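Okay, work-v3.tsv is below, TSV, C-alpha atoms and all ligand atoms:
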chain	number	residue	atom	x	y	z
S	247	MET	CA	0.00	0.00	0.00
S	248	SER	CA	1.66	3.12	-1.20
S	249	TYR	CA	0.36	6.64	-1.42
S	250	SER	CA	-0.86	8.34	-4.56
S	251	ASN	CA	2.11	10.69	-5.01
S	252	VAL	CA	4.64	7.85	-5.22
S	253	HIS	CA	2.36	5.81	-7.49
S	254	GLY	CA	1.58	8.84	-9.63
S	255	VAL	CA	5.16	10.05	-10.09
S	256	THR	CA	6.37	6.52	-10.84
S	257	GLY	CA	3.62	6.07	-13.41
S	258	ALA	CA	4.26	9.48	-14.94
S	259	LEU	CA	7.98	8.87	-15.38
S	260	ILE	CA	7.44	5.39	-16.83
S	261	ALA	CA	4.92	6.81	-19.32
S	262	LEU	CA	7.30	9.65	-20.21
S	263	GLY	CA	10.12	7.17	-20.78
S	264	GLY	CA	7.88	5.00	-22.93
S	265	TYR	CA	6.77	7.93	-25.05
S	266	GLN	CA	10.32	9.20	-25.49
S	267	ALA	CA	11.56	5.74	-26.44
S	268	GLY	CA	8.78	4.72	-28.80
S	269	GLY	CA	6.27	7.45	-29.57
S	270	ASP	CA	2.62	6.41	-29.40
S	271	PRO	CA	3.26	2.63	-29.20
S	272	GLY	CA	5.90	3.35	-26.56
S	273	LEU	CA	3.38	5.41	-24.63
S	274	LEU	CA	0.89	2.54	-24.70
S	275	ALA	CA	3.54	0.16	-23.38
S	276	GLY	CA	4.56	2.79	-20.83
S	277	LEU	CA	1.00	3.22	-19.59
S	278	ALA	CA	0.62	-0.56	-19.25
S	279	ALA	CA	3.89	-0.69	-17.28
S	280	ALA	CA	2.77	2.29	-15.19
S	281	PHE	CA	-0.47	0.45	-14.40
S	282	LEU	CA	1.46	-2.70	-13.39
S	283	SER	CA	3.97	-0.68	-11.32
S	284	HIS	CA	1.18	-0.15	-8.81
S	285	ASP	CA	1.24	-3.81	-7.82
S	286	LEU	CA	5.01	-3.70	-7.27
S	287	LEU	CA	4.90	-0.48	-5.23
S	288	ASP	CA	2.09	-1.81	-3.06
S	289	ARG	CA	4.63	-4.31	-1.69
S	290	ILE	CA	6.08	-1.31	0.13
S	291	GLY	CA	4.12	-0.76	3.31
S	292	GLU	CA	3.95	2.96	3.87
S	293	LYS	CA	3.24	4.18	7.36
S	294	SER	CA	0.50	6.73	7.97
S	295	TYR	CA	1.72	10.33	7.78
S	296	GLY	CA	-0.04	10.94	11.06
S	297	ASP	CA	-3.45	12.49	11.49
S	298	MET	CA	-5.83	13.50	8.71
S	299	ARG	CA	-4.30	16.97	8.48
S	300	ALA	CA	-0.75	15.63	8.12
S	301	SER	CA	-1.90	13.16	5.47
S	302	PHE	CA	-3.60	15.96	3.58
S	303	VAL	CA	-0.49	18.16	3.61
S	304	TRP	CA	1.90	15.32	2.71
S	305	GLU	CA	-0.22	14.33	-0.28
S	306	PHE	CA	-1.67	17.71	-1.28
S	307	VAL	CA	1.63	19.61	-1.58
S	308	PRO	CA	3.27	16.98	-3.84
S	309	LEU	CA	0.07	16.87	-5.90
S	310	MET	CA	0.23	20.65	-6.39
S	311	VAL	CA	3.90	20.34	-7.44
S	312	PHE	CA	2.90	17.60	-9.87
S	313	LEU	CA	0.08	19.71	-11.34
S	314	ALA	CA	2.46	22.65	-11.70
S	315	VAL	CA	4.93	20.45	-13.61
S	316	VAL	CA	2.14	19.06	-15.81
S	317	SER	CA	0.89	22.55	-16.63
S	318	VAL	CA	4.27	23.81	-17.88
S	319	HIS	CA	5.83	20.63	-19.30
S	320	PRO	CA	5.51	20.18	-23.10
S	321	LEU	CA	4.59	16.53	-22.46
S	322	GLY	CA	2.37	17.30	-19.49
S	323	TRP	CA	-0.42	15.19	-20.95
S	324	VAL	CA	1.91	12.17	-21.00
S	325	LEU	CA	2.83	12.78	-17.34
S	326	GLY	CA	-0.85	13.20	-16.43
S	327	ALA	CA	-1.85	10.01	-18.22
S	328	GLY	CA	0.97	8.16	-16.45
S	329	TRP	CA	-0.15	9.51	-13.07
S	330	ILE	CA	-3.65	8.16	-13.68
S	331	ALA	CA	-2.30	4.80	-14.90
S	332	GLY	CA	-0.03	4.50	-11.85
S	333	ASN	CA	-2.94	5.18	-9.52
S	334	MET	CA	-5.58	3.25	-11.47
S	335	MET	CA	-5.70	0.21	-9.14
S	336	ASP	CA	-6.36	2.53	-6.20
S	337	LEU	CA	-8.77	4.70	-8.17
S	338	ILE	CA	-10.83	1.57	-8.82
S	339	ASP	CA	-10.51	-0.15	-5.44
S	340	LYS	CA	-10.65	3.05	-3.39
S	341	ARG	CA	-13.55	4.35	-5.51
S	342	LEU	CA	-11.80	7.52	-6.73
S	343	TYR	CA	-10.35	7.86	-3.19
S	344	LEU	CA	-13.83	8.45	-1.77
S	345	SER	CA	-13.32	5.44	0.52
S	346	VAL	CA	-10.31	7.17	2.10
S	347	PHE	CA	-12.73	9.66	3.58
S	348	GLY	CA	-15.16	6.96	4.63
S	349	LEU	CA	-17.74	8.06	2.06
S	350	VAL	CA	-17.98	4.66	0.35
S	351	GLU	CA	-16.75	1.12	1.00
S	352	PRO	CA	-13.37	0.23	-0.58
S	353	GLY	CA	-13.07	-2.80	-2.85
S	354	GLU	CA	-10.39	-5.46	-3.15
S	355	PHE	CA	-10.46	-6.25	-6.82
S	356	PHE	CA	-6.68	-6.17	-7.31
S	357	PRO	CA	-4.41	-8.74	-5.59
S	358	CYS	CA	-2.11	-5.99	-4.25
S	359	HIS	CA	-4.95	-4.84	-2.01
S	360	ARG	CA	-5.58	-8.31	-0.61
S	361	ARG	CA	-2.04	-9.10	0.58
S	362	SER	CA	0.17	-7.60	3.26
S	363	PRO	CA	3.12	-5.44	2.16
S	364	THR	CA	6.52	-7.15	2.27
S	365	VAL	CA	8.64	-4.03	2.95
S	366	PRO	CA	7.35	-2.12	5.96
S	367	LEU	CA	8.43	1.53	6.21
S	368	THR	CA	8.57	3.89	9.16
S	369	GLN	CA	6.78	7.23	9.02
S	370	ARG	CA	10.12	8.97	8.37
S	371	GLN	CA	10.87	6.64	5.47
S	372	THR	CA	7.37	7.17	4.11
S	373	LYS	CA	7.85	10.92	4.13
S	374	ALA	CA	11.34	10.56	2.63
S	375	LEU	CA	9.92	8.40	-0.16
S	376	THR	CA	7.35	10.98	-1.21
S	377	ILE	CA	9.99	13.74	-1.13
S	378	ILE	CA	12.34	11.60	-3.23
S	379	ALA	CA	9.50	10.94	-5.69
S	380	THR	CA	8.80	14.66	-6.08
S	381	ILE	CA	12.49	15.56	-6.43
S	382	GLY	CA	12.83	12.77	-9.01
S	383	LEU	CA	9.86	14.21	-10.89
S	384	LEU	CA	11.39	17.70	-10.92
S	385	VAL	CA	14.84	16.50	-11.99
S	386	ILE	CA	13.73	14.04	-14.67
S	387	SER	CA	10.88	16.13	-16.09
S	388	SER	CA	13.20	19.13	-16.46
S	389	THR	CA	15.73	17.11	-18.45
S	390	VAL	CA	13.34	14.95	-20.53
S	391	MET	CA	11.07	17.02	-22.77
Y	1	ZN	ZN	-2.90	0.26	-4.10

What is this structure when it is put down as structure tokens?
Ligand SMILES: [Zn+2]
Amino acid sequence: MSYSNVHGVTGALIALGGYQAGGDPGLLAGLAAAFLSHDLLDRIGEKSYGDMRASFVWEFVPLMVFLAVVSVHPLGWVLGAGWIAGNMMDLIDKRLYLSVFGLVEPGEFFPCHRRSPTVPLTQRQTKALTIIATIGLLVISSTVM
């Protein structure tokens, strides 16, 4: 179980790499790989950021950075599509994240949401991971256009 920023950035960068390597067919392969990367990343057991407010800040700020990058990057649409692909398993099982707020019941359609993570993280490591993801996004997206 990983958080949306890490899933989204991973998916975005995979999609960007696919598009750069192979144009439209490469993008399709990249989006498929971005989708599958979710299963792999869910083996990492992220620790809660803390209370609801902390969780909001630790996910909202990276999301704003991501949206800023998407809005200025010439291949922002590729990054955006990759973000969605990387988060798709959660978007489906967490019902567009509505279940996070207790508004609807979550599902367990994908195997990654039915098994326990194999790599447990501390809260510090969880925060470090999301910072690393955002720095990686900034560095790679500014060099790959
Ligand atoms: Zn998931």

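When all atoms listed in the file are used to compute distances to Pro366 of chain S, the closest of the residues S:Pro308, S:Gly328, S:Gly353, S:Gly291 turns out to be S:Gly291.
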
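Based on all atoms listed in the file, the protein and nucleic acid residues found within 9 Å of ligand ZN 1 (chain Y) are, by chain and then by number, S:Met247, S:Ser248, S:Tyr249, S:Ser250, S:His253, S:His284, S:Asp285, S:Leu287, S:Asp288, S:Asn333, S:Met334, S:Met335, S:Asp336, S:Leu337, S:Asp339, S:Lys340, S:Phe356, S:Cys358, S:His359.
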
Write a file of the just-selected residues containing C-alpha atoms, as a PDB file, keeping the file's coordinate frame.
ATOM      1  CA  MET S 247       0.000   0.000   0.000  1.00  0.00           C
ATOM      2  CA  SER S 248       1.660   3.120  -1.200  1.00  0.00           C
ATOM      3  CA  TYR S 249       0.360   6.640  -1.420  1.00  0.00           C
ATOM      4  CA  SER S 250      -0.860   8.340  -4.560  1.00  0.00           C
ATOM      5  CA  HIS S 253       2.360   5.810  -7.490  1.00  0.00           C
ATOM      6  CA  HIS S 284       1.180  -0.150  -8.810  1.00  0.00           C
ATOM      7  CA  ASP S 285       1.240  -3.810  -7.820  1.00  0.00           C
ATOM      8  CA  LEU S 287       4.900  -0.480  -5.230  1.00  0.00           C
ATOM      9  CA  ASP S 288       2.090  -1.810  -3.060  1.00  0.00           C
ATOM     10  CA  ASN S 333      -2.940   5.180  -9.520  1.00  0.00           C
ATOM     11  CA  MET S 334      -5.580   3.250 -11.470  1.00  0.00           C
ATOM     12  CA  MET S 335      -5.700   0.210  -9.140  1.00  0.00           C
ATOM     13  CA  ASP S 336      -6.360   2.530  -6.200  1.00  0.00           C
ATOM     14  CA  LEU S 337      -8.770   4.700  -8.170  1.00  0.00           C
ATOM     15  CA  ASP S 339     -10.510  -0.150  -5.440  1.00  0.00           C
ATOM     16  CA  LYS S 340     -10.650   3.050  -3.390  1.00  0.00           C
ATOM     17  CA  PHE S 356      -6.680  -6.170  -7.310  1.00  0.00           C
ATOM     18  CA  CYS S 358      -2.110  -5.990  -4.250  1.00  0.00           C
ATOM     19  CA  HIS S 359      -4.950  -4.840  -2.010  1.00  0.00           C
TER      20      HIS S 359
END

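Considering all atoms listed in the file, the residue among S:Pro352, S:Gly254, S:Gly263, S:Gly322 positioned nearest to Leu309 of chain S is S:Gly254.
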
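Within 10 Å of Ile386 of chain S, once only C-alpha atoms are used and residues closer than 5 positions along the same chain are dropped, the contacting residues are Leu259, Leu262, Gly263, Thr380, Ile381 and Met391 of chain S.
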
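If you look at atom CA of Thr389 of chain S and atom CA of Glu305 of chain S, they are 24.3 Å away from each other.
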
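Taking atom CA of Leu274 of chain S as the reference point, atom CA of Val390 of chain S is found at 18.1 Å.
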
Name all residues at most 10 Å from Ile377 of chain S (count all atoms listed in the file; drop same-chain ones fewer than 5 positions away) and give them as a VMD selection string. chain S and resid 251 to 252 304 308 371 to 372 382 to 383

Keeping only C-alpha atoms, write those residues as an mmCIF file, in the frame of the given file.
data_model
loop_
_atom_site.group_PDB
_atom_site.id
_atom_site.type_symbol
_atom_site.label_atom_id
_atom_site.label_comp_id
_atom_site.auth_asym_id
_atom_site.auth_seq_id
_atom_site.Cartn_x
_atom_site.Cartn_y
_atom_site.Cartn_z
ATOM 1 C CA ASN S 251 2.110 10.690 -5.010
ATOM 2 C CA VAL S 252 4.640 7.850 -5.220
ATOM 3 C CA TRP S 304 1.900 15.320 2.710
ATOM 4 C CA PRO S 308 3.270 16.980 -3.840
ATOM 5 C CA GLN S 371 10.870 6.640 5.470
ATOM 6 C CA THR S 372 7.370 7.170 4.110
ATOM 7 C CA GLY S 382 12.830 12.770 -9.010
ATOM 8 C CA LEU S 383 9.860 14.210 -10.890
#

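Ranking S:Phe347, S:Phe302, S:Tyr265, S:Trp323 by their shortest atom-to-atom distance to Ala278 of chain S, with only C-alpha atoms included, puts S:Tyr265 first.
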
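For the pair atom CA of Ala261 of chain S and atom CA of Leu273 of chain S, the interatomic distance is 5.7 Å.
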
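Minimum atom-to-atom distances from S:Pro357, S:Leu384, S:Gly276, S:Gly268 to Val324 of chain S were compared using all atoms listed in the file, and the lowest value belongs to S:Gly276.
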
Find the residue from S:Ala331, S:Leu344, S:Ser362, S:Ser388 that sits nearest to Ala275 of chain S; use only C-alpha atoms when measuring. S:Ala331

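Considering only C-alpha atoms, the residue among S:Val303, S:Thr364, S:Ile330, S:Ile338 positioned nearest to Ala280 of chain S is S:Ile330.
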
Just give me the residues with any atom within 9 Å of (1.7, 17.8, -11.1), file coordinates, counting all atoms listed in the file, written as an MDAnalysis selection string. chainID S and resid 255 308:317 322 325:326 329 383
